[in-house]
>>> print(open('protein_25.txt').read())   # compact mmCIF, C-alpha atoms
# COMPACT_ATOMS: atom_id res chain seq x y z
CA MET F 1 -46.90 -7.33 46.67
CA LYS F 2 -50.31 -7.50 44.99
CA SER F 3 -50.59 -3.73 45.27
CA GLU F 4 -47.15 -3.14 43.68
CA LEU F 5 -47.90 -5.58 40.83
CA ALA F 6 -51.13 -3.70 40.09
CA ILE F 7 -49.21 -0.39 39.93
CA LEU F 8 -46.64 -1.89 37.47
CA LYS F 9 -49.40 -3.23 35.19
CA THR F 10 -51.07 0.19 35.18
CA GLN F 11 -47.81 1.96 34.22
CA LYS F 12 -47.12 -0.50 31.39
CA ALA F 13 -50.59 -0.08 29.95
CA GLU F 14 -50.28 3.74 29.97
CA ALA F 15 -46.76 3.82 28.35
CA PRO F 16 -46.69 4.97 24.62
CA LYS F 17 -46.14 2.15 22.17
CA THR F 18 -43.08 2.51 19.86
CA VAL F 19 -42.93 0.38 16.77
CA ALA F 20 -39.64 0.22 14.91
CA THR F 21 -40.01 0.25 11.15
CA THR F 22 -37.58 -1.86 9.22
CA VAL F 23 -37.19 -1.17 5.50
CA THR F 24 -35.39 -3.60 3.30
CA THR F 25 -34.27 -1.83 0.13
CA PRO F 26 -32.85 -4.03 -2.59
CA THR F 27 -29.66 -2.42 -3.81
CA ALA F 28 -29.10 -2.61 -7.55
CA PRO F 29 -25.63 -3.74 -8.54
CA THR F 30 -23.58 -0.73 -9.56
CA LEU F 31 -23.25 -0.57 -13.34
CA ASP F 32 -19.57 -0.60 -14.25
CA THR F 33 -19.33 0.35 -17.92
CA ARG F 34 -15.66 -0.58 -17.92
CA THR F 35 -16.44 -4.22 -17.09
CA PRO F 36 -20.06 -4.69 -18.18
CA THR F 37 -19.80 -8.46 -18.20
CA TYR F 38 -19.62 -9.12 -14.47
CA SER F 39 -19.01 -7.72 -11.01
CA SER F 40 -18.06 -10.01 -8.17
CA ALA F 41 -19.91 -7.86 -5.63
CA PRO F 42 -23.03 -9.44 -4.09
CA LEU F 43 -26.24 -8.60 -5.88
CA ALA F 44 -27.94 -6.92 -2.92
CA ALA F 45 -26.63 -5.38 0.27
CA ALA F 46 -27.82 -6.72 3.61
CA ALA F 47 -30.97 -5.15 5.02
CA PRO F 48 -30.24 -2.09 7.17
CA ALA F 49 -30.83 -2.23 10.90
CA ALA F 50 -34.24 -1.25 12.27
CA GLN F 51 -34.79 2.52 12.13
CA PRO F 52 -37.51 4.62 13.71
CA VAL F 53 -38.06 6.40 10.35
CA ALA F 54 -38.27 4.63 6.98
CA ALA F 55 -35.29 5.29 4.67
CA PRO F 56 -36.04 6.57 1.13
CA ALA F 57 -35.85 3.91 -1.57
CA GLU F 58 -32.86 4.04 -3.91
CA PRO F 59 -33.59 4.83 -7.58
CA ARG F 60 -33.99 1.74 -9.75
CA THR F 61 -33.21 3.61 -12.98
CA THR F 62 -29.91 5.44 -13.33
CA VAL F 63 -28.15 7.43 -16.05
CA PHE F 64 -24.45 7.32 -16.91
CA GLY F 65 -22.31 8.71 -19.71
CA TYR F 66 -18.94 9.89 -20.99
CA GLY F 67 -17.50 12.03 -23.77
CA GLU F 68 -14.33 13.33 -25.42
CA VAL F 69 -13.26 16.51 -27.20
CA ASN F 70 -9.89 16.17 -28.97
CA TYR F 71 -7.35 18.37 -30.74
CA ASN F 72 -4.88 16.87 -33.24
CA ARG F 73 -2.06 18.88 -34.83
CA PRO F 74 0.21 17.12 -37.37
CA PHE F 75 3.79 18.37 -37.34
CA ARG F 76 4.35 18.21 -41.12
CA ASP F 77 1.00 19.43 -42.47
CA GLN F 78 -0.40 21.85 -39.95
CA SER F 79 -3.27 22.76 -42.30
CA ALA F 80 -4.72 19.36 -41.31
CA THR F 81 -5.03 20.43 -37.66
CA GLN F 82 -8.42 19.33 -36.38
CA MET F 83 -10.69 19.81 -33.37
CA ASP F 84 -13.40 17.23 -32.92
CA VAL F 85 -16.17 16.23 -30.55
CA ARG F 86 -14.93 12.67 -30.86
CA ARG F 87 -17.84 11.03 -29.08
CA ALA F 88 -20.63 11.60 -26.57
CA ILE F 89 -22.38 8.69 -24.86
CA ILE F 90 -25.52 8.49 -22.78
CA GLY F 91 -26.46 5.26 -21.02
CA ILE F 92 -29.38 4.05 -18.95
CA THR F 93 -29.58 1.06 -16.63
CA HIS F 94 -32.78 -0.13 -15.00
CA GLN F 95 -32.93 -2.66 -12.19
CA ALA F 96 -35.99 -4.64 -13.25
CA SER F 97 -35.73 -6.96 -10.23
CA ASP F 98 -33.21 -7.99 -7.62
CA LYS F 99 -31.53 -10.26 -10.17
CA THR F 100 -32.32 -8.67 -13.53
CA ARG F 101 -31.16 -5.42 -15.07
CA ILE F 102 -31.63 -3.73 -18.45
CA VAL F 103 -28.78 -1.73 -20.01
CA GLY F 104 -28.85 0.67 -22.97
CA GLU F 105 -25.91 2.76 -24.21
CA PHE F 106 -26.20 5.26 -27.06
CA GLU F 107 -23.27 6.89 -28.85
CA PHE F 108 -22.87 9.99 -31.00
CA GLU F 109 -19.60 10.58 -32.87
CA HIS F 110 -18.17 13.74 -34.48
CA ALA F 111 -20.95 16.02 -33.23
CA ILE F 112 -23.28 15.78 -36.26
CA ALA F 113 -24.83 12.72 -37.89
CA SER F 114 -26.54 13.27 -41.23
CA ALA F 115 -26.41 12.15 -44.86
CA SER F 116 -23.81 14.79 -45.66
CA ASP F 117 -21.70 14.59 -42.48
CA SER F 118 -19.23 12.00 -41.22
CA GLY F 119 -20.83 11.75 -37.79
CA GLU F 120 -22.55 8.65 -36.49
CA ALA F 121 -25.38 7.81 -34.12
CA ALA F 122 -25.36 4.23 -32.85
CA VAL F 123 -26.66 1.89 -30.19
CA GLU F 124 -23.47 0.73 -28.51
CA GLN F 125 -25.09 -1.70 -26.07
CA LEU F 126 -28.61 -2.94 -25.47
CA TYR F 127 -28.98 -6.07 -23.35
CA VAL F 128 -30.71 -7.76 -20.45
CA GLU F 129 -28.60 -9.36 -17.73
CA HIS F 130 -29.87 -11.90 -15.21
CA ARG F 131 -27.85 -13.18 -12.27
CA LEU F 132 -28.41 -16.79 -11.33
CA ASN F 133 -26.42 -16.28 -8.13
CA ASP F 134 -23.54 -14.15 -6.82
CA ASN F 135 -21.03 -16.03 -9.00
CA MET F 136 -22.84 -16.60 -12.31
CA GLY F 137 -25.11 -14.79 -14.75
CA LEU F 138 -26.65 -14.79 -18.22
CA LYS F 139 -26.96 -12.00 -20.77
CA GLY F 140 -28.77 -11.48 -24.07
CA GLY F 141 -28.92 -8.65 -26.59
CA LEU F 142 -26.24 -6.37 -28.07
CA PHE F 143 -23.14 -6.35 -25.86
CA LEU F 144 -19.36 -5.86 -25.93
CA ILE F 145 -17.03 -8.76 -26.74
CA PRO F 146 -14.53 -9.30 -23.86
CA LEU F 147 -11.24 -9.33 -25.80
CA GLY F 148 -8.35 -7.13 -24.74
CA TYR F 149 -8.69 -4.31 -22.24
CA MET F 150 -10.05 -1.34 -24.13
CA ASN F 151 -13.11 -2.94 -25.68
CA LEU F 152 -14.59 -3.18 -22.19
CA SER F 153 -12.78 -0.21 -20.63
CA HIS F 154 -12.96 2.54 -23.24
CA GLU F 155 -14.05 5.56 -21.20
CA PRO F 156 -11.61 8.53 -21.26
CA ARG F 157 -10.45 8.02 -17.67
CA ALA F 158 -9.84 4.31 -18.25
CA TYR F 159 -6.92 4.60 -20.68
CA TYR F 160 -3.80 6.67 -21.23
CA GLY F 161 -3.42 9.02 -24.18
CA VAL F 162 -5.75 11.25 -26.14
CA GLU F 163 -6.53 8.69 -28.84
CA ARG F 164 -7.24 5.01 -28.29
CA ASN F 165 -4.24 2.81 -29.06
CA PHE F 166 -3.88 1.34 -32.57
CA VAL F 167 -3.67 -2.33 -31.61
CA GLU F 168 -7.05 -2.22 -29.86
CA THR F 169 -8.71 -0.27 -32.67
CA ALA F 170 -7.07 -1.48 -35.90
CA ILE F 171 -6.68 -5.16 -34.87
CA ILE F 172 -9.36 -5.50 -32.15
CA PRO F 173 -12.09 -3.24 -33.62
CA THR F 174 -13.00 -1.32 -30.46
CA THR F 175 -15.79 -0.55 -29.74
CA TRP F 176 -16.79 -4.04 -30.87
CA ARG F 177 -20.21 -5.43 -30.02
CA GLU F 178 -22.27 -8.37 -31.26
CA THR F 179 -25.83 -9.58 -30.84
CA GLY F 180 -26.30 -12.87 -29.02
CA VAL F 181 -26.32 -14.62 -25.66
CA SER F 182 -23.60 -15.25 -23.10
CA ALA F 183 -22.91 -16.87 -19.77
CA PHE F 184 -20.34 -15.41 -17.39
CA GLY F 185 -19.08 -15.78 -13.87
CA VAL F 186 -16.31 -15.49 -11.34
CA SER F 187 -14.80 -17.92 -8.85
CA ASP F 188 -13.72 -17.20 -5.31
CA ALA F 189 -10.11 -17.55 -6.50
CA GLY F 190 -10.48 -14.56 -8.84
CA LEU F 191 -10.91 -16.47 -12.12
CA ARG F 192 -13.40 -14.75 -14.43
CA TRP F 193 -14.89 -16.46 -17.46
CA ASP F 194 -17.20 -15.43 -20.27
CA VAL F 195 -18.54 -17.54 -23.17
CA GLY F 196 -21.08 -16.69 -25.83
CA LEU F 197 -22.87 -17.43 -29.09
CA THR F 198 -23.27 -14.31 -31.22
CA SER F 199 -23.50 -12.75 -34.64
CA GLY F 200 -20.17 -12.44 -36.44
CA PHE F 201 -18.45 -10.62 -39.27
CA ASP F 202 -19.79 -10.24 -42.81
CA LEU F 203 -17.06 -10.46 -45.45
CA THR F 204 -19.56 -9.61 -48.20
CA LYS F 205 -19.36 -6.02 -46.86
CA TRP F 206 -15.69 -5.69 -47.92
CA ASP F 207 -15.27 -2.64 -50.16
CA ALA F 208 -12.12 -3.08 -52.23
CA THR F 209 -12.46 0.43 -53.71
CA THR F 210 -11.66 2.13 -50.37
CA THR F 211 -8.82 1.90 -47.85
CA GLU F 212 -11.14 1.12 -44.93
CA GLY F 213 -9.94 -2.48 -44.87
CA LYS F 214 -6.32 -1.35 -44.57
CA GLU F 215 -7.16 0.80 -41.56
CA SER F 216 -8.93 -2.05 -39.74
CA PRO F 217 -9.78 -5.35 -41.49
CA LEU F 218 -12.41 -6.33 -38.95
CA GLY F 219 -13.66 -2.79 -38.52
CA ALA F 220 -14.57 -2.85 -42.21
CA ILE F 221 -16.76 -5.96 -41.91
CA HIS F 222 -18.30 -5.88 -38.43
CA GLN F 223 -22.10 -5.69 -38.34
CA GLU F 224 -22.74 -3.70 -35.11
CA GLY F 225 -26.18 -5.24 -34.58
CA SER F 226 -27.63 -3.46 -37.62
CA GLN F 227 -29.73 -5.99 -39.57
CA ALA F 228 -26.84 -8.39 -39.02
CA LYS F 229 -26.66 -11.53 -41.12
CA GLY F 230 -27.07 -14.53 -38.85
CA LYS F 231 -26.76 -17.62 -41.01
CA ASP F 232 -23.20 -18.16 -39.77
CA LEU F 233 -22.97 -17.62 -36.02
CA SER F 234 -19.76 -17.12 -34.08
CA VAL F 235 -18.55 -18.28 -30.69
CA TYR F 236 -16.19 -16.68 -28.19
CA GLY F 237 -14.55 -17.43 -24.88
CA ALA F 238 -12.50 -15.32 -22.47
CA LEU F 239 -10.65 -16.02 -19.22
CA SER F 240 -8.99 -13.60 -16.84
CA TRP F 241 -7.41 -14.01 -13.43
CA ARG F 242 -7.26 -11.34 -10.73
CA GLY F 243 -6.41 -13.52 -7.77
CA THR F 244 -3.31 -11.47 -6.83
CA PRO F 245 -3.84 -7.80 -5.90
CA GLY F 246 -2.57 -5.54 -8.65
CA LEU F 247 -2.33 -8.30 -11.28
CA ASP F 248 -4.77 -8.94 -14.16
CA VAL F 249 -3.92 -11.49 -16.85
CA GLY F 250 -6.20 -12.92 -19.49
CA ILE F 251 -6.80 -14.51 -22.88
CA GLY F 252 -9.71 -14.53 -25.29
CA ALA F 253 -10.71 -15.87 -28.71
CA PHE F 254 -13.53 -15.28 -31.19
CA THR F 255 -14.24 -17.32 -34.34
CA GLY F 256 -16.94 -17.87 -36.94
CA LYS F 257 -17.67 -18.16 -40.64
CA ALA F 258 -18.34 -14.90 -42.48
CA ALA F 259 -20.00 -15.66 -45.83
CA HIS F 260 -23.53 -16.46 -44.53
CA LYS F 261 -24.32 -18.69 -47.55
CA THR F 262 -24.46 -15.62 -49.80
CA ALA F 263 -25.24 -16.76 -53.35
CA GLY F 264 -22.36 -16.31 -55.79
CA PHE F 265 -19.90 -15.12 -53.17
CA ALA F 266 -16.32 -16.09 -54.10
CA ALA F 267 -15.31 -17.11 -50.57
CA PRO F 268 -18.18 -19.31 -49.29
CA ASP F 269 -16.11 -21.11 -46.62
CA THR F 270 -14.21 -18.13 -45.24
CA ARG F 271 -13.70 -17.98 -41.48
CA VAL F 272 -12.65 -15.08 -39.26
CA THR F 273 -10.68 -15.76 -36.07
CA LEU F 274 -9.26 -13.25 -33.59
CA TRP F 275 -7.47 -13.95 -30.31
CA ASP F 276 -5.51 -11.99 -27.74
CA ALA F 277 -3.42 -12.34 -24.59
CA HIS F 278 -2.90 -9.51 -22.13
CA ALA F 279 -1.43 -8.68 -18.72
CA ARG F 280 -1.56 -5.67 -16.42
CA TRP F 281 0.42 -5.15 -13.22
CA THR F 282 0.12 -2.18 -10.87
CA PRO F 283 2.91 -2.41 -8.26
CA GLY F 284 2.93 0.69 -6.10
CA LYS F 285 2.71 3.82 -8.25
CA TRP F 286 3.42 1.96 -11.49
CA ASP F 287 0.85 0.82 -14.06
CA LEU F 288 2.39 -1.67 -16.52
CA THR F 289 0.47 -3.23 -19.44
CA ALA F 290 1.25 -5.56 -22.34
CA LEU F 291 -1.09 -6.99 -24.99
CA TYR F 292 -0.81 -9.12 -28.14
CA ALA F 293 -3.63 -9.69 -30.66
CA ARG F 294 -3.74 -11.66 -33.90
CA GLY F 295 -6.42 -12.28 -36.53
CA ASN F 296 -6.88 -14.53 -39.57
CA ILE F 297 -9.32 -14.62 -42.50
CA THR F 298 -9.19 -17.92 -44.40
CA ASN F 299 -10.04 -19.02 -47.96
CA THR F 300 -9.85 -15.59 -49.60
CA ASP F 301 -7.69 -16.46 -52.63
CA LEU F 302 -10.51 -16.50 -55.23
CA LEU F 303 -12.12 -13.44 -53.68
CA ASN F 304 -8.86 -11.47 -53.90
CA VAL F 305 -8.50 -12.35 -57.59
CA SER F 306 -11.67 -10.38 -58.20
CA PHE F 307 -10.20 -7.51 -56.15
CA ALA F 308 -6.85 -7.44 -58.02
CA GLY F 309 -5.36 -3.96 -58.12
CA GLN F 310 -7.56 -2.78 -55.24
CA THR F 311 -7.65 -3.29 -51.48
CA LEU F 312 -7.27 -7.03 -50.88
CA VAL F 313 -8.55 -9.03 -47.91
CA PRO F 314 -5.58 -9.96 -45.68
CA LYS F 315 -4.89 -13.51 -44.61
CA SER F 316 -3.40 -12.42 -41.29
CA PHE F 317 -2.99 -9.27 -39.21
CA TYR F 318 -1.60 -8.64 -35.74
CA GLY F 319 -0.36 -6.11 -33.23
CA TRP F 320 1.17 -5.74 -29.78
CA TYR F 321 2.07 -2.98 -27.36
CA THR F 322 3.76 -2.35 -24.05
CA GLN F 323 2.90 0.61 -21.83
CA ALA F 324 4.21 2.08 -18.60
CA ALA F 325 2.53 4.82 -16.55
CA TYR F 326 3.52 6.33 -13.21
CA ALA F 327 1.50 8.15 -10.54
CA LEU F 328 3.83 11.14 -10.30
CA TRP F 329 1.73 13.50 -8.20
CA GLN F 330 -1.64 13.43 -6.47
CA ASN F 331 -3.67 15.43 -3.95
CA SER F 332 -7.33 15.52 -2.98
CA GLU F 333 -8.41 17.00 -6.32
CA TYR F 334 -5.77 16.23 -8.96
CA ALA F 335 -3.69 13.26 -10.10
CA LEU F 336 -0.89 13.46 -12.71
CA ASN F 337 0.11 10.26 -14.53
CA PRO F 338 2.80 10.48 -17.24
CA PHE F 339 3.10 7.45 -19.54
CA VAL F 340 4.93 6.02 -22.52
CA ARG F 341 3.57 3.44 -24.97
CA TYR F 342 5.28 1.54 -27.78
CA GLU F 343 3.13 -0.41 -30.21
CA VAL F 344 3.63 -2.42 -33.38
CA TYR F 345 0.76 -3.34 -35.67
CA ASN F 346 0.20 -4.64 -39.19
CA THR F 347 -3.27 -4.79 -40.77
CA ALA F 348 -2.07 -6.91 -43.73
CA ALA F 349 0.82 -9.09 -42.57
CA ALA F 350 0.12 -11.74 -45.25
CA TYR F 351 -2.22 -12.45 -48.17
CA ALA F 352 -3.53 -15.71 -49.61
CA SER F 353 -1.69 -16.99 -52.68
CA MET F 354 -2.45 -15.16 -55.93
CA PRO F 355 -1.83 -16.12 -59.60
CA ALA F 356 1.44 -14.99 -61.17
CA GLY F 357 1.36 -11.31 -61.95
CA LEU F 358 -1.35 -10.51 -59.40
CA GLU F 359 0.72 -10.99 -56.25
CA THR F 360 0.64 -8.27 -53.62
CA ASP F 361 3.38 -7.71 -51.08
CA ALA F 362 2.47 -7.82 -47.43
CA GLN F 363 2.54 -4.54 -45.56
CA ARG F 364 5.39 -3.56 -43.29
CA ASP F 365 4.90 -3.17 -39.55
CA GLU F 366 3.96 0.29 -38.38
CA LYS F 367 5.66 1.24 -35.13
CA VAL F 368 4.30 4.06 -32.98
CA THR F 369 5.75 5.68 -29.87
CA THR F 370 3.40 7.76 -27.72
CA VAL F 371 4.62 9.90 -24.80
CA GLY F 372 2.25 11.99 -22.73
CA ALA F 373 0.33 12.44 -19.50
CA ASN F 374 -3.17 12.26 -18.04
CA LEU F 375 -4.27 14.85 -15.47
CA LYS F 376 -7.33 13.67 -13.58
CA VAL F 377 -9.51 16.41 -12.13
CA GLY F 378 -11.68 15.02 -9.37
CA GLU F 379 -13.48 11.76 -10.07
CA ASN F 380 -15.10 12.65 -13.38
CA VAL F 381 -12.81 14.75 -15.60
CA VAL F 382 -9.46 14.13 -17.27
CA LEU F 383 -7.15 16.37 -19.31
CA LYS F 384 -4.74 14.66 -21.70
CA ALA F 385 -1.72 15.58 -23.80
CA ASP F 386 0.69 13.45 -25.83
CA VAL F 387 3.04 13.34 -28.80
CA GLN F 388 2.99 10.46 -31.29
CA ARG F 389 5.81 9.40 -33.63
CA PHE F 390 5.28 6.95 -36.52
CA GLN F 391 8.17 5.01 -38.04
CA LEU F 392 6.73 4.40 -41.54
CA ASP F 393 4.28 7.22 -42.20
CA ARG F 394 6.03 10.25 -40.73
CA SER F 395 3.27 12.53 -42.01
CA ARG F 396 1.15 11.21 -39.13
CA ASP F 397 3.51 12.52 -36.40
CA ARG F 398 1.38 14.79 -34.25
CA LEU F 399 0.52 16.58 -31.02
CA ASN F 400 -2.74 15.53 -29.36
CA LEU F 401 -4.71 17.33 -26.66
CA GLY F 402 -7.91 16.05 -25.13
CA LEU F 403 -10.66 16.69 -22.61
CA GLY F 404 -12.70 13.76 -21.32
CA TYR F 405 -15.41 13.18 -18.75
CA GLN F 406 -17.54 10.39 -17.38
CA PHE F 407 -20.22 10.07 -14.74
>>> encode(input="protein_25.txt", output="structure tokens")
Amino acid sequence: MKSELAILKTQKAEAPKTVATTVTTPTAPTLDTRTPTYSSAPLAAAAPAAQPVAAPAEPRTTVFGYGEVNYNRPFRDQSATQMDVRRAIIGITHQASDKTRIVGEFEFEHAIASASDSGEAAVEQLYVEHRLNDNMGLKGGLFLIPLGYMNLSHEPRAYYGVERNFVETAIIPTTWRETGVSAFGVSDAGLRWDVGLTSGFDLTKWDATTTEGKESPLGAIHQEGSQAKGKDLSVYGALSWRGTPGLDVGIGAFTGKAAHKTAGFAAPDTRVTLWDAHARWTPGKWDLTALYARGNITNTDLLNVSFAGQTLVPKSFYGWYTQAAYALWQNSEYALNPFVRYEVYNTAAAYASMPAGLETDAQRDEKVTTVGANLKVGENVVLKADVQRFQLDRSRDRLNLGLGYQF
């Protein structure tokens, strides 16, 4: 027995030593530009099992982007037919640590931005996000306000139709971002919440000599993080529930004063408030959506007296739409989704009281029907086509074609 034990000890000493190398690679949370406020996925994946060879580390800095090229042909005035590089976006996200990431998103509109062109170059988002745990986080910088669907999900593949819908551009001024801080989170029951303290609108920017305010009241006075006045801050809150598969319902509100103590301004106590309620249901092959949004600007009577005969500041504005899409055909490469959308919106539903002789009638509701289809090509490209009919301004009836991508 002593002899056999000696032989075993000798064999063990001569055997090659194998050391397993275990590499723990923190996995950055995937940036979802459609819902930049929060993802319920855990921050880091579990460490991989021991491997004889070390796995390469995942990149901590990633690039994403999207873009659109559109064609619009009016039926009544075909000389106004237009082709446009509507927008091109490049974004960067850097995982600074296991719990902190930095996000920057940069947008170019209409191909050329210069003093003599109508194009625009802008910082769409620029913020730092820190997760306190898997269910709660904080964010600071320039970020999107979580009202409606499109303001957070505005990539070409995320919505139906060539052009973004009117309710979420004329009433909710997509793409709408503010500078500030926020806290956000999600519960195990699927309830998502987001609250924040941010910059707000600046009513002193209202230009009564143009029609910009009629196209989008809030779009005419948002500050976009560019030397934004901050004397009057705004607050917002949003809730959504996704506890049932295929169902997403939510509400949100944003409010704040908009005069910023500007000396001599005729509406020193004016306040801007916007709220919305929305629901989306995707039973089987159907995709059904409804949304209502309403805004108010208070204490504008004296200001509008000075604007008499020009574009007045509305007291209230609103819009709503319903939309139905259907997954008609799909294979490994393509997916065809026809849709129909009906929307009603009014950018000047009421005005503050004016002296006799200076009254202005409220605008009538514009009603738009859009019928078309999205053809998705793989995971990154979409082709779009639709026809739009307007009830009031028939000169805007048109055919739209579009090409979009995202990565």
>>> atom_distance(input="protein_25.txt", atom1="atom CA of Thr169 of chain F", atom2="atom CA of Phe317 of chain F")
12.5 Å
>>> residues_around(input="protein_25.txt", residues="segment 98-107 of chain F", least_positions_apart="4", cutoff="6 Å", atoms="all atoms listed in the file", output="ChimeraX atom specification")
/F:88-94,121-131
>>> atom_distance(input="protein_25.txt", atom1="atom CA of Val186 of chain F", atom2="atom CA of His222 of chain F")
28.8 Å
>>> atom_distance(input="protein_25.txt", atom1="atom CA of Gln391 of chain F", atom2="atom CA of Ser353 of chain F")
28.2 Å
>>> residues_around(input="protein_25.txt", residues="segment 146-155 of chain F", least_positions_apart="3", cutoff="9 Å", atoms="all atoms listed in the file", output="ChimeraX atom specification")
/F:33-37,65-68,158-159,164-165,168-169,172-177,194,236-238,250-254,274-278,291-293,404-406
>>> closest_residue(input="protein_25.txt", among="F:Ser240, F:Asp207, F:Lys231, F:Arg157", to="Trp193 of chain F", atoms="only C-alpha atoms")
F:Ser240
>>> residues_around(input="protein_25.txt", residues="Leu197 of chain F", least_positions_apart="3", cutoff="7 Å", atoms="only C-alpha atoms", output="PyMOL selection string")
chain F and resi 180-182+233-236
